[in-house]
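Structure file structure_7.txt; described as compact mmCIF, C-alpha atoms and all ligand atoms.
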```txt
# COMPACT_ATOMS: atom_id res chain seq x y z
CA MET A 1 -4.94 -22.22 5.10
CA ARG A 2 -2.95 -22.98 8.22
CA THR A 3 -2.37 -20.22 10.69
CA ASN A 4 0.57 -20.31 12.96
CA ASN A 5 -0.20 -18.40 16.08
CA ASN A 6 1.46 -21.01 18.27
CA GLN A 7 -1.52 -23.28 17.92
CA ASP A 8 -1.47 -24.63 14.37
CA HIS A 9 -4.96 -25.14 13.09
CA ASP A 10 -6.83 -25.00 9.81
CA VAL A 11 -9.09 -22.07 9.18
CA PRO A 12 -12.14 -23.12 7.17
CA LYS A 13 -12.96 -20.99 4.13
CA ASP A 14 -16.37 -20.09 5.50
CA HIS A 15 -14.87 -18.66 8.66
CA PRO A 16 -16.12 -15.05 8.95
CA ARG A 17 -12.55 -13.79 9.33
CA TYR A 18 -11.00 -16.10 6.73
CA GLU A 19 -9.59 -13.32 4.50
CA SER A 20 -8.20 -11.36 7.40
CA LEU A 21 -6.61 -14.47 8.96
CA LYS A 22 -5.16 -15.52 5.62
CA TYR A 23 -3.31 -12.20 5.23
CA ARG A 24 -2.21 -12.31 8.85
CA HIS A 25 -0.76 -15.73 8.07
CA ASP A 26 1.06 -14.31 5.00
CA ILE A 27 2.59 -11.57 7.14
CA ILE A 28 3.77 -14.06 9.78
CA GLU A 29 5.22 -16.38 7.14
CA GLY A 30 6.87 -13.31 5.58
CA MET A 31 8.51 -12.52 8.88
CA LYS A 32 9.88 -16.06 9.15
CA LYS A 33 11.44 -15.64 5.68
CA LEU A 34 12.98 -12.27 6.69
CA VAL A 35 10.73 -10.45 4.21
CA VAL A 36 8.70 -8.69 6.92
CA ALA A 37 10.26 -6.77 9.81
CA GLU A 38 8.98 -7.34 13.36
CA ALA A 39 7.56 -3.81 13.32
CA GLY A 40 5.75 -4.77 10.11
CA LEU A 41 3.51 -7.05 12.16
CA ILE A 42 2.45 -4.14 14.30
CA ALA A 43 1.91 -1.90 11.27
CA HIS A 44 -0.31 -4.63 9.82
CA GLY A 45 -2.33 -4.76 13.02
CA ARG A 46 -2.82 -1.02 12.94
CA GLY A 47 -4.01 -1.35 9.35
CA GLU A 48 -6.44 -4.16 10.28
CA CYS A 49 -8.02 -1.91 12.84
CA PHE A 50 -8.74 0.81 10.28
CA ASP A 51 -9.88 -1.75 7.72
CA TYR A 52 -12.43 -2.99 10.24
CA MET A 53 -13.77 0.55 10.53
CA LEU A 54 -14.00 0.84 6.75
CA GLY A 55 -16.10 -2.32 6.53
CA GLU A 56 -13.21 -4.22 4.87
CA ARG A 57 -14.22 -3.06 1.43
CA THR A 58 -12.94 -0.63 -1.17
CA SER A 59 -15.19 2.42 -1.01
CA ASP A 60 -16.30 4.40 -4.04
CA ILE A 61 -14.27 7.24 -2.57
CA ALA A 62 -11.13 5.07 -2.65
CA LYS A 63 -11.97 4.08 -6.23
CA GLU A 64 -11.90 7.77 -7.23
CA ALA A 65 -8.43 8.10 -5.70
CA ILE A 66 -7.34 4.91 -7.46
CA GLU A 67 -8.40 6.28 -10.84
CA ALA A 68 -6.52 9.54 -10.24
CA ALA A 69 -3.47 7.56 -9.10
CA VAL A 70 -3.41 5.44 -12.24
CA ALA A 71 -3.83 8.55 -14.42
CA LEU A 72 -0.89 10.24 -12.65
CA LEU A 73 1.29 7.16 -13.02
CA TYR A 74 0.49 6.96 -16.75
CA LEU A 75 1.40 10.63 -17.22
CA ALA A 76 4.67 10.34 -15.28
CA LYS A 77 8.01 10.41 -17.07
CA HIS A 78 9.66 8.20 -14.46
CA PRO A 79 7.05 6.43 -12.35
CA ILE A 80 8.29 4.08 -9.64
CA ILE A 81 6.69 1.62 -7.26
CA SER A 82 8.32 1.48 -3.83
CA ILE A 83 8.23 -1.93 -2.20
CA ASN A 84 8.61 -2.76 1.48
CA GLY A 85 8.41 -6.02 3.38
CA ASN A 86 4.68 -5.97 4.07
CA THR A 87 3.68 -5.26 0.48
CA ALA A 88 6.07 -7.95 -0.77
CA ALA A 89 4.50 -10.47 1.61
CA LEU A 90 0.89 -9.48 0.88
CA CYS A 91 0.61 -8.98 -2.87
CA PRO A 92 3.82 -9.59 -4.84
CA GLU A 93 2.05 -10.91 -7.96
CA ALA A 94 -0.34 -7.97 -8.22
CA LEU A 95 2.47 -5.43 -7.69
CA THR A 96 4.55 -7.14 -10.36
CA GLU A 97 1.66 -7.08 -12.81
CA LEU A 98 0.96 -3.42 -12.06
CA SER A 99 4.63 -2.61 -12.58
CA LYS A 100 4.50 -4.20 -16.03
CA ILE A 101 1.28 -2.53 -17.15
CA LEU A 102 2.42 0.92 -16.03
CA ASP A 103 6.01 0.39 -17.09
CA ALA A 104 7.05 1.47 -13.59
CA PRO A 105 9.94 -0.43 -12.01
CA LEU A 106 9.77 -1.87 -8.52
CA GLU A 107 12.28 -0.45 -6.03
CA ILE A 108 12.90 -2.24 -2.77
CA ASN A 109 13.05 0.55 -0.22
CA LEU A 110 13.10 -0.48 3.37
CA PHE A 111 12.48 1.22 6.66
CA TYR A 112 14.04 -1.58 8.68
CA ARG A 113 17.19 -2.94 7.08
CA LYS A 114 18.55 -6.27 8.15
CA GLU A 115 21.12 -8.63 6.69
CA GLY A 116 19.40 -10.78 4.06
CA ARG A 117 16.12 -8.84 3.92
CA ILE A 118 16.68 -7.27 0.50
CA GLU A 119 17.61 -10.68 -0.95
CA ALA A 120 14.54 -12.27 0.63
CA ILE A 121 12.24 -9.63 -0.87
CA LYS A 122 14.00 -9.88 -4.23
CA LYS A 123 13.29 -13.60 -4.26
CA VAL A 124 9.60 -13.10 -3.47
CA LEU A 125 9.29 -10.56 -6.29
CA GLU A 126 11.21 -12.72 -8.76
CA ASP A 127 9.04 -15.72 -7.88
CA ALA A 128 6.08 -13.47 -8.68
CA GLY A 129 7.54 -12.79 -12.13
CA ALA A 130 9.26 -9.44 -11.59
CA GLU A 131 11.97 -8.59 -14.10
CA ARG A 132 12.97 -5.02 -13.21
CA ILE A 133 13.86 -4.69 -9.54
CA LEU A 134 15.78 -1.68 -8.25
CA GLY A 135 17.25 -0.97 -4.83
CA LEU A 136 19.37 -4.13 -4.84
CA ASP A 137 22.91 -2.80 -4.89
CA GLU A 138 23.47 -0.96 -1.63
CA SER A 139 26.89 0.30 -2.75
CA LYS A 140 25.25 2.26 -5.60
CA MET A 141 22.52 3.85 -3.53
CA VAL A 142 22.45 7.64 -3.16
CA GLU A 143 21.24 9.66 -0.22
CA ILE A 144 18.28 11.97 0.03
CA GLU A 145 19.19 14.85 2.30
CA GLU A 146 15.88 15.19 4.07
CA LEU A 147 16.18 11.92 5.93
CA SER A 148 18.44 10.71 8.68
CA SER A 149 20.28 7.39 9.09
CA ASN A 150 19.94 4.37 6.81
CA ARG A 151 16.43 5.35 5.74
CA ARG A 152 17.75 7.94 3.32
CA ASN A 153 19.20 5.64 0.65
CA VAL A 154 17.47 5.42 -2.71
CA ASP A 155 18.37 3.91 -6.07
CA PRO A 156 19.95 6.41 -8.51
CA ASP A 157 17.95 4.86 -11.36
CA GLY A 158 14.74 4.68 -9.35
CA ILE A 159 13.29 6.97 -6.71
CA LYS A 160 16.17 9.45 -7.19
CA ILE A 161 15.09 10.31 -10.75
CA ALA A 162 11.39 9.52 -10.39
CA ASP A 163 8.79 12.24 -10.74
CA VAL A 164 5.92 10.13 -9.38
CA VAL A 165 6.47 7.65 -6.54
CA PHE A 166 3.82 5.10 -5.61
CA VAL A 167 4.29 4.11 -1.97
CA PRO A 168 1.82 1.46 -0.90
CA LEU A 169 2.40 1.62 2.90
CA GLU A 170 4.91 4.22 3.91
CA ASP A 171 6.04 5.99 7.02
CA GLY A 172 5.15 9.64 7.51
CA ASP A 173 8.74 10.90 7.77
CA ARG A 174 9.65 9.32 4.47
CA THR A 175 6.55 10.57 2.72
CA GLU A 176 7.37 14.06 3.94
CA ALA A 177 10.98 13.70 2.74
CA LEU A 178 9.84 12.53 -0.71
CA LYS A 179 7.59 15.57 -0.95
CA LYS A 180 10.43 17.88 0.11
CA ILE A 181 12.66 16.63 -2.71
CA GLY A 182 9.92 17.41 -5.20
CA LYS A 183 8.29 14.04 -5.84
CA GLU A 184 4.62 13.55 -6.46
CA VAL A 185 3.55 10.88 -4.02
CA ILE A 186 0.71 8.38 -4.24
CA ALA A 187 0.09 6.50 -1.00
CA VAL A 188 -2.13 3.63 0.05
CA ASP A 189 -2.94 3.88 3.73
CA LEU A 190 -5.90 2.53 5.67
CA ASN A 191 -5.54 5.35 8.17
CA PRO A 192 -6.90 8.48 6.47
CA ILE A 193 -5.22 10.79 8.98
CA SER A 194 -1.73 9.27 9.24
CA ARG A 195 1.03 11.69 8.31
CA THR A 196 1.55 9.68 5.12
CA SER A 197 -2.09 10.18 4.17
CA LEU A 198 -1.92 13.88 4.84
CA TRP A 199 1.41 14.44 3.05
CA ALA A 200 0.63 12.45 -0.12
CA ASP A 201 -0.68 14.10 -3.28
CA ILE A 202 -3.06 11.21 -3.81
CA THR A 203 -4.12 9.18 -0.78
CA ILE A 204 -5.89 5.90 -1.40
CA VAL A 205 -7.63 4.98 1.85
CA ASP A 206 -7.93 1.25 1.34
CA ASN A 207 -6.19 -2.05 1.98
CA VAL A 208 -3.24 -2.51 -0.37
CA ILE A 209 -4.44 -6.09 -0.87
CA ARG A 210 -7.58 -4.80 -2.60
CA THR A 211 -6.11 -1.60 -4.04
CA VAL A 212 -3.45 -3.08 -6.29
CA PRO A 213 -5.80 -5.46 -8.19
CA GLU A 214 -8.22 -2.55 -8.60
CA MET A 215 -5.37 -0.40 -9.96
CA ILE A 216 -4.60 -3.13 -12.50
CA ARG A 217 -8.24 -3.13 -13.60
CA ILE A 218 -8.27 0.66 -13.99
CA ALA A 219 -4.89 0.63 -15.74
CA GLU A 220 -6.32 -1.80 -18.32
CA LYS A 221 -9.32 0.48 -18.75
CA LEU A 222 -7.19 3.63 -19.23
CA LYS A 223 -4.52 1.95 -21.32
CA ASN A 224 -5.39 3.85 -24.50
CA ALA A 225 -6.70 7.02 -22.89
CA LYS A 226 -5.44 10.32 -24.30
CA ASN A 227 -3.17 12.48 -22.11
CA LYS A 228 -5.85 15.16 -22.13
CA ASP A 229 -8.34 12.74 -20.59
CA LEU A 230 -5.82 11.53 -18.01
CA LYS A 231 -5.10 15.16 -17.03
CA ASN A 232 -8.81 15.77 -16.76
CA ILE A 233 -9.17 12.91 -14.25
CA ILE A 234 -6.37 14.40 -12.13
CA ASP A 235 -7.74 17.94 -12.32
CA LYS A 236 -11.12 16.79 -11.10
CA PHE A 237 -9.60 14.98 -8.12
CA ASP A 238 -9.29 16.81 -4.79
CA ASN A 239 -7.21 14.89 -2.24
CA ILE A 240 -8.35 16.81 0.83
CA LYS A 241 -11.99 16.28 -0.05
CA ASN A 242 -11.27 12.63 -0.74
CA ILE A 243 -9.65 12.14 2.69
CA GLN A 244 -12.59 13.86 4.35
CA ALA A 245 -15.01 11.65 2.44
CA SER A 246 -13.03 8.58 3.59
CA LEU A 247 -13.44 9.75 7.18
CA ASP A 248 -17.17 10.04 6.51
CA VAL A 249 -17.16 6.42 5.28
CA ILE A 250 -15.71 5.41 8.66
CA ILE A 251 -18.15 7.57 10.63
CA GLN A 252 -21.14 6.17 8.72
CA TYR A 253 -19.93 2.60 9.04
CA ILE A 254 -19.39 2.93 12.79
CA GLN A 255 -22.79 4.59 13.18
CA LYS A 256 -24.41 1.64 11.39
CA GLN A 257 -22.44 -0.86 13.45
CA LYS A 258 -23.58 0.90 16.59
CA GLU A 259 -27.19 0.23 15.61
CA ASP A 260 -26.59 -3.27 14.22
CA ALA A 261 -24.48 -4.42 17.15
CA PHE A 262 -27.31 -3.79 19.57
CA ASN A 263 -29.74 -5.61 17.29
CA ILE A 264 -27.46 -8.65 17.19
CA LEU A 265 -27.08 -8.62 20.97
CA LYS A 266 -30.86 -8.43 21.47
CA GLN A 267 -31.54 -11.54 19.33
P1 LIG B 301 2.62 7.77 9.73
O1 LIG B 301 4.05 7.49 9.96
O2 LIG B 301 2.26 7.91 8.27
O3 LIG B 301 2.04 8.89 10.55
P2 LIG B 301 1.95 5.66 11.53
O4 LIG B 301 3.23 5.97 12.20
O5 LIG B 301 0.67 5.82 12.28
O6 LIG B 301 1.80 6.48 10.18
P3 LIG B 301 3.25 3.35 10.53
O7 LIG B 301 3.48 2.32 11.56
O8 LIG B 301 4.35 4.27 10.13
O9 LIG B 301 1.96 4.21 10.96
O10 LIG B 301 2.73 2.64 9.20
C1 LIG B 301 1.66 1.77 9.20
C2 LIG B 301 0.57 2.41 8.39
O11 LIG B 301 0.24 1.51 7.35
C3 LIG B 301 -0.69 2.61 9.24
O12 LIG B 301 -1.27 3.86 8.97
C4 LIG B 301 -1.61 1.49 8.77
O13 LIG B 301 -2.98 1.90 8.80
C5 LIG B 301 -1.15 1.28 7.35
N1 LIG B 301 -1.37 -0.09 6.85
C6 LIG B 301 -0.97 -1.26 7.42
N2 LIG B 301 -1.31 -2.33 6.69
C7 LIG B 301 -1.94 -1.83 5.59
C8 LIG B 301 -2.52 -2.41 4.43
N3 LIG B 301 -2.53 -3.74 4.25
N4 LIG B 301 -3.05 -1.59 3.51
C9 LIG B 301 -3.05 -0.24 3.67
N5 LIG B 301 -2.52 0.38 4.75
C10 LIG B 301 -1.98 -0.39 5.70
MG MG B 302 5.09 6.09 11.17
```
Represent the structure contained in this file as structure tokens.
Amino acid sequence: MRTNNNQDHDVPKDHPRYESLKYRHDIIEGMKKLVVAEAGLIAHGRGECFDYMLGERTSDIAKEAIEAAVALLYLAKHPIISINGNTAALCPEALTELSKILDAPLEINLFYRKEGRIEAIKKVLEDAGAERILGLDESKMVEIEELSSNRRNVDPDGIKIADVVFVPLEDGDRTEALKKIGKEVIAVDLNPISRTSLWADITIVDNVIRTVPEMIRIAEKLKNAKNKDLKNIIDKFDNIKNIQASLDVIIQYIQKQKEDAFNILKQ
């Protein structure tokens, strides 16, 4: 991998921050291709910070939320996966595969609109094998009342009619608006106390890079599950408790780091 932080250099695979630097590189390349907005870089940095505090792994707590999320998406009449620039740059193949398994179309739904961005994201998704992409024709988009300015447009065949919306990475205002128009919302957010996390019905506190492949795995596992069993998974899930448990994961990890860090320094 080559990073491009103004000093091109190769990052060896055994570098302790290889994974993190690789995804940083994908985000920067995404920005150059118009896929990622400038503010997307900052959002990614905020996410990295929380991922650090989660130990950069998918917790068992997050896995419980992932299972509930997949069950809810299977039970939905009109499930939809909302795509923004960062998710398109980070995991287009996995999102495309998930969309196919769940029979949930991908809708490009952007916070920061810019000439050429929708086309750039469309290309990334098509290159990843996506066949059903919504949110392309701006002239056909309809407005959702709860939001101001250009952030309120949604596809009439997508989010508008969806009952369950999967928003890997979303802004709090939009999550709140989706809730207010009656959608069930599943969010992936590394920050367990962002407004998105608190507004969502199911909050997966994890990195979208790890979450989506895990969702694919669970979707394969639940492929032939009966509706009764899917409902049972959802009934057993408590989002507030799950968020609190995610905060405990952070607290415990930091506590351990506090001890380990001093040990490392002493050596
Ligand atoms: P909110 O608007 O929900 O209150 P915010 O304003 O603090 O959140 P935004 O800048 O709107 O944050 O969105 C960035 C959010 O996305 C942050 O909470 C960040 O932790 C999260 N995030 C960034 N990258 C990832 C990622 N790869 N996986 C999961 N979450 C991520
Ligand atoms: Mg925000």
Task: Cut-off 12 Å, all atoms listed in the file, neighbours of ligand MG 302 (chain B) as number ranges by chain - done: A: 39-40, 42-43, 46-47, 111, 169-176, 189, 191, 193-197
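Atom pair atom CA of A:Gly182 / atom CA of A:Ile161: separated by 10.4 Å.
With only C-alpha atoms as the atoms that count, the minimum distance from A:Ile101 to the choices A:Val142, A:Met215, A:Ala120, A:Ala68 is reached by A:Met215.
Between atom CA of A:Leu102 and atom CA of A:Val70 the interatomic distance comes to 8.3 Å.
For the choices A:Lys77, A:Asn232, A:Ala88, A:Val249, the atom-to-atom distance to A:Glu29 is smallest for A:Ala88 when using all atoms listed in the file.
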